[in-house]
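Structure first, then comments.
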Amino acid sequence: MKMRLRANFILATAVNLWMVHTVASLSNIGISHGRHANSRFLLDNGVSRTPPMGWNSWNHFWCGINESVVMSTDVSNLKTTLFSFLEYTLPMHLFSTGLASLGYKYVNLDDCWAESERDENGKLRGKASTFPSGIKALADYVHARGLKLGIYADAGNRTYSNQMPGSLHHEYEDAKTFAQWGVDYIKYDNCYHDGTRNRERYTAMGHALQKIKRPIHFSLCEWGQEDPAKWAGAYGHSWRTTGDINDTFASVTWIADLNNRWGRYAGPGRWNDPDMLEVGSGGMTMDEYRSHFSIWSLMKAPLLIGCDLRSVSNRTLRILGNKEVIEVNQDSLGVQGRKLRSKDGLGVWAGPLSDNRVVVVLWNRSELRALITAVWRDFGLSPNTPAIVRDFWKHKYVSMNERDRLTASVAPHACKMYVLTPLQS
C-alpha cells in the first residue's frame with residue numbers, strides 16, 4: 001500500500017495526493033458502468049451522505065425486545081408496552097447521554113419484530129405481543145422525538161431467527177409497507193434463501209425501494225459473500241463486507257483487516273459496513289474499545305451502538321461520545337481511511353479529511369507496549385512540511401510545527417489517534 005501511494009502521488013501535495021486517489025477510486029465503482037445507469041437512484045436521493053449513526057437492538061437484546069425487558073427497567077407506573085421500553089431505554093437515553101445531539105439518530109429494530117406469518121393480504125405485521133400499537137405508530141413516536149426508525153428484513157424466505165417471514169418474492173409489497181409505516185432504514189439480511197445469487201435478490205429489493213420513492217437507507221447484509229463493495233453501491237447505501245462481529249479484540253482486528261480491502265469503493269452515500277459497534281458490551285478493555293471506535297471512525301463505517309444504553313458507563317460514554325472522533329467519521333470528504341503498513345502487530349492507518357487534513361491512527365495489536373512511527377512520506381507529505389498535530393483522545397495539541405514523522409508509545413491493544421493539518425512551508 002505504501003509503495004502504491006508513493007508511486008501514485010509522490011509529485012503532489014498531501015491534499016492532492018488523497019483527492020487524486022479518491023477520484024481514481026470512484027471511477028472504479030460499478031455505478032459508473034452502463035449496466036447500472038438506471039440503478040443510481042439510491043445514491044442520488046440524499047440519504048446517508050455521511051455514515052449513519054444510531055443504535056441497533058440485536059447485539060444486546062437479540063429477540064428479547066418484549067414486556068419483560070420493559071419490566072427490567074424497574075420504573076414504576078409504566079404501561080407495559082414497547083413504547084415504555086423505548087421511552088426508558090432508547091430516546092430518553094439517547095438524549096440524556098447527549099448521544100442524539102452528536103448524530104446518533106437511528107433507532108434500529110433487528111430480528112423478531114413481526115408475527116411469524118403474513119396476514120391474509122400477504123403483508124408483514126408487527127408482533128402483537130410486543131408491538132401492540134403497530135410499527136407505524138412506533139415510527140411516528142420515534143419521529144416525534146427527532147429520531148429515525150430502522151427495521152430488519154431478509155432476502156430469503158425466513159429471517160435469521162426463523163421467527164418471522166423474509167421478503168423474498170415480496171420485495172415490492174414489503175417496501176411499500178415499510179414506506180407507509182414511515183421506516184427510515186432497512187437492514188436486509190441473507191438467511192433461508194433459495195440459492196439464487198445474492199446480487200439478484202438484493203437488486204430486487206433495491207428496485208422495489210426505487211419504486212416507492214421514500215428516502216430509506218438500504219443496508220445490504222449479505223456478509224461480504226459476493227464482494228458487495230464492487231456492486232452494492234448501485235442499489236444501496238451501505239453493505240456488510242464481513243461476517244458478524246463479536247465482543248472480542250480478535251474479532252475487531254479480523255474484521256478491520258477484511259473491511260480495509262474495500263476502501264476505494266466507499267464514498268458519500270455508499271459505505272463499507274464492518275458490522276455494529278461492540279463498545280460497552282463488556283467483553284473488551286477500554287483500550288480495546290477505543291481502538292475499535294477509532295478504526296471504525298477512520299474507516300467511515302456506520303456507527304451503530306449495540307450495548308444496553310440503560311446501564312452504559314461513563315467511561316463507555318466518553319468513547320461513544322468523543323465528538324472529535326465522530327467528526328472524523330462524519331467528515332464531508334467521505335474518504336475511507338486505510339491501513340498503510342503493519343509489522344509485528346504495529347500498524348499505521350490513515351485517511352484524508354476535509355480542509356487539507358489527514359487523520360492518523362497508530363494501532364498496537366501486539367501484547368507489549370511499543371513505539372509506533374508514522375513518517376510524512378506515508379501520507380505523501382514532504383519531510384520538510386510542517387504540520388499541526390492534535391491528539392483526538394487527549395483533546396489537546398501535541399505540536400504546532402511537527403515535521404517528517406510522528407512517534408508515540410502505544411499500550412498493548414491500544415491506539416493513538418491524531419489529526420494533522422499541514423502548513424505551507
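As shown in the C-alpha cells, the chain order sets the letters A, B, ...; within each chain, residues go from 1, and ligands are also counted from 1 in the order they appear.
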
Test item: residues at most 7 Å from A:Ala139, only C-alpha atoms, excluding those fewer than 3 positions along its chain, as a VMD selection string: chain A and resid 135 to 136 142 to 143 149 181 to 183

Suppose we keep all heavy atoms; can you now write the selection as a PDB file, in the first residue's frame?
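Okay, this is what ended up in selection35.pdb:
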```
ATOM      1  N   ILE A 135     -46.254  -0.825  13.958  1.00  0.00           N
ATOM      2  CA  ILE A 135     -44.973  -0.222  13.598  1.00  0.00           C
ATOM      3  C   ILE A 135     -45.142   1.228  13.142  1.00  0.00           C
ATOM      4  O   ILE A 135     -44.284   2.074  13.405  1.00  0.00           O
ATOM      5  CB  ILE A 135     -44.280  -1.046  12.499  1.00  0.00           C
ATOM      6  CG1 ILE A 135     -44.089  -2.491  12.964  1.00  0.00           C
ATOM      7  CG2 ILE A 135     -42.928  -0.436  12.149  1.00  0.00           C
ATOM      8  CD1 ILE A 135     -43.277  -2.635  14.236  1.00  0.00           C
ATOM      9  N   LYS A 136     -46.259   1.552  12.495  1.00  0.00           N
ATOM     10  CA  LYS A 136     -46.447   2.946  12.067  1.00  0.00           C
ATOM     11  C   LYS A 136     -46.525   3.878  13.268  1.00  0.00           C
ATOM     12  O   LYS A 136     -45.910   4.957  13.277  1.00  0.00           O
ATOM     13  CB  LYS A 136     -47.701   3.094  11.218  1.00  0.00           C
ATOM     14  CG  LYS A 136     -47.852   4.520  10.659  1.00  0.00           C
ATOM     15  CD  LYS A 136     -49.097   4.705   9.836  1.00  0.00           C
ATOM     16  CE  LYS A 136     -49.104   6.101   9.189  1.00  0.00           C
ATOM     17  NZ  LYS A 136     -48.892   7.188  10.181  1.00  0.00           N
ATOM     18  N   VAL A 142     -41.130   7.711  17.329  1.00  0.00           N
ATOM     19  CA  VAL A 142     -39.696   7.964  17.212  1.00  0.00           C
ATOM     20  C   VAL A 142     -39.444   9.280  16.464  1.00  0.00           C
ATOM     21  O   VAL A 142     -38.609  10.096  16.871  1.00  0.00           O
ATOM     22  CB  VAL A 142     -39.004   6.782  16.502  1.00  0.00           C
ATOM     23  CG1 VAL A 142     -37.563   7.123  16.141  1.00  0.00           C
ATOM     24  CG2 VAL A 142     -39.048   5.533  17.382  1.00  0.00           C
ATOM     25  N   HIS A 143     -40.180   9.498  15.384  1.00  0.00           N
ATOM     26  CA  HIS A 143     -40.009  10.723  14.609  1.00  0.00           C
ATOM     27  C   HIS A 143     -40.338  11.960  15.436  1.00  0.00           C
ATOM     28  O   HIS A 143     -39.686  13.008  15.288  1.00  0.00           O
ATOM     29  CB  HIS A 143     -40.909  10.695  13.373  1.00  0.00           C
ATOM     30  CG  HIS A 143     -40.509   9.662  12.369  1.00  0.00           C
ATOM     31  ND1 HIS A 143     -41.382   9.157  11.426  1.00  0.00           N
ATOM     32  CD2 HIS A 143     -39.325   9.023  12.151  1.00  0.00           C
ATOM     33  CE1 HIS A 143     -40.760   8.267  10.687  1.00  0.00           C
ATOM     34  NE2 HIS A 143     -39.513   8.166  11.097  1.00  0.00           N
ATOM     35  N   LEU A 149     -36.474   5.683  12.525  1.00  0.00           N
ATOM     36  CA  LEU A 149     -36.726   4.277  12.822  1.00  0.00           C
ATOM     37  C   LEU A 149     -36.129   3.377  11.747  1.00  0.00           C
ATOM     38  O   LEU A 149     -36.364   3.567  10.550  1.00  0.00           O
ATOM     39  CB  LEU A 149     -38.227   4.006  12.921  1.00  0.00           C
ATOM     40  CG  LEU A 149     -38.588   2.555  13.270  1.00  0.00           C
ATOM     41  CD1 LEU A 149     -38.194   2.254  14.718  1.00  0.00           C
ATOM     42  CD2 LEU A 149     -40.066   2.284  13.047  1.00  0.00           C
ATOM     43  N   TRP A 181     -45.375   2.811   6.679  1.00  0.00           N
ATOM     44  CA  TRP A 181     -45.150   2.899   8.128  1.00  0.00           C
ATOM     45  C   TRP A 181     -44.262   4.077   8.517  1.00  0.00           C
ATOM     46  O   TRP A 181     -44.259   4.498   9.665  1.00  0.00           O
ATOM     47  CB  TRP A 181     -44.509   1.610   8.635  1.00  0.00           C
ATOM     48  CG  TRP A 181     -45.443   0.431   8.712  1.00  0.00           C
ATOM     49  CD1 TRP A 181     -46.807   0.455   8.662  1.00  0.00           C
ATOM     50  CD2 TRP A 181     -45.062  -0.948   8.842  1.00  0.00           C
ATOM     51  NE1 TRP A 181     -47.306  -0.826   8.765  1.00  0.00           N
ATOM     52  CE2 TRP A 181     -46.255  -1.708   8.876  1.00  0.00           C
ATOM     53  CE3 TRP A 181     -43.844  -1.614   8.926  1.00  0.00           C
ATOM     54  CZ2 TRP A 181     -46.262  -3.096   9.011  1.00  0.00           C
ATOM     55  CZ3 TRP A 181     -43.841  -2.992   9.055  1.00  0.00           C
ATOM     56  CH2 TRP A 181     -45.036  -3.728   9.101  1.00  0.00           C
ATOM     57  N   GLY A 182     -43.452   4.561   7.559  1.00  0.00           N
ATOM     58  CA  GLY A 182     -42.523   5.648   7.865  1.00  0.00           C
ATOM     59  C   GLY A 182     -41.149   5.168   8.280  1.00  0.00           C
ATOM     60  O   GLY A 182     -40.415   5.881   8.982  1.00  0.00           O
ATOM     61  N   VAL A 183     -40.774   3.990   7.834  1.00  0.00           N
ATOM     62  CA  VAL A 183     -39.454   3.442   8.150  1.00  0.00           C
ATOM     63  C   VAL A 183     -38.365   4.235   7.417  1.00  0.00           C
ATOM     64  O   VAL A 183     -38.545   4.646   6.276  1.00  0.00           O
ATOM     65  CB  VAL A 183     -39.393   1.943   7.766  1.00  0.00           C
ATOM     66  CG1 VAL A 183     -37.966   1.413   7.793  1.00  0.00           C
ATOM     67  CG2 VAL A 183     -40.294   1.131   8.687  1.00  0.00           C
TER      68      VAL A 183
END
```

A:Tyr188 environment, 6 Å, only C-alpha atoms, sequence neighbours closer than 4 positions dropped, as a list of chain:residue names: A:Ala153, A:Asp154, A:Leu220, A:Cys221

Polymer residues at most 10 Å from stretch 100-102 of chain A, only C-alpha atoms, same-chain spacing of 2 or more positions, as a list in words: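 With the cut-off at 10 Å, the set is Met53, Gly54, Leu90, Pro91, Met92, His93, Leu94, Phe95, Ser96, Thr97, Gly98, Tyr104, Lys105, Tyr106, Gly146, Leu147, Leu320, Gly321, Asn322, Lys323, Ile326 and Glu327 of chain A.
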
Using only C-alpha atoms: which of A:Trp296, A:Pro422, A:Gly267, A:Leu333 has the shortest distance to A:Met400: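 Between A:Trp296, A:Pro422, A:Gly267, A:Leu333, the residue approaching A:Met400 most closely is A:Pro422.
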
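Those residues that approach A:Ser167 to within 7 Å, counting only C-alpha atoms, are Ala153, Asp154, Ala155, Gly156, Asn157, His170, Glu171 and Asp174 of chain A; same-chain residues fewer than 3 positions away are not listed.
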
Residues near A:Leu258, cut-off 8 Å, only C-alpha atoms, skip fewer than 4 positions along chain, as a PyMOL selection string: chain A and resi 241-242+254+262

Interatomic distance, atom CA of A:Met299 to atom CA of A:Tyr397 (Å, one decimal): 22.9 Å

Residue nearest A:Ile186 among A:Gly206, A:Gly282, A:Gly345, A:Pro412 (counting only C-alpha atoms):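 Of the candidates, the smallest distance to A:Ile186 is held by A:Gly206.
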
Strand (DSSP E or B) call set, DSSP backbone run, stretch 118-288 of chain A, as a list in words: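 So the strand (DSSP E or B) residues in stretch 118-288 of chain A would be Gly126, Lys148, Leu149, Gly150, Ile151, Tyr152, Ala153, Asp154, Arg158, Pro165, Tyr185, Ile186, Lys187, Tyr188, Asp189, His217, Phe218, Ser219, Leu220, Ser238, Trp239, Arg240, Gly267, Arg270, Trp271, Asn272 and Asp273 of chain A.
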
Residues near A:Glu117, cut-off 7 Å, only C-alpha atoms, skip fewer than 2 positions along chain, as a list of chain:residue names: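 Returned residues: A:Glu115, A:Asp119, A:Met164, A:Pro165.
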
Exercise: A:Ile212 partners within 7 Å, only C-alpha atoms, chain neighbours under 4 positions left out, as a list in words: Ala175, Lys176, Ala179 and Ala208 of chain A

Straight-line distance linking atom CA of A:Arg390 with atom CA of A:Leu420, stated in Å to one decimal: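 Here the two named atoms are 6.7 Å from each other.
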
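Pairwise distance (atom CA of A:Leu303, atom CA of A:Asp273) equals 9.2 Å.
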
Residue nearest A:Ser332 among A:Glu120, A:Asp355, A:Glu226, A:Asp275 (counting only C-alpha atoms):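 Under the stated criterion, the closest residue is A:Asp355.
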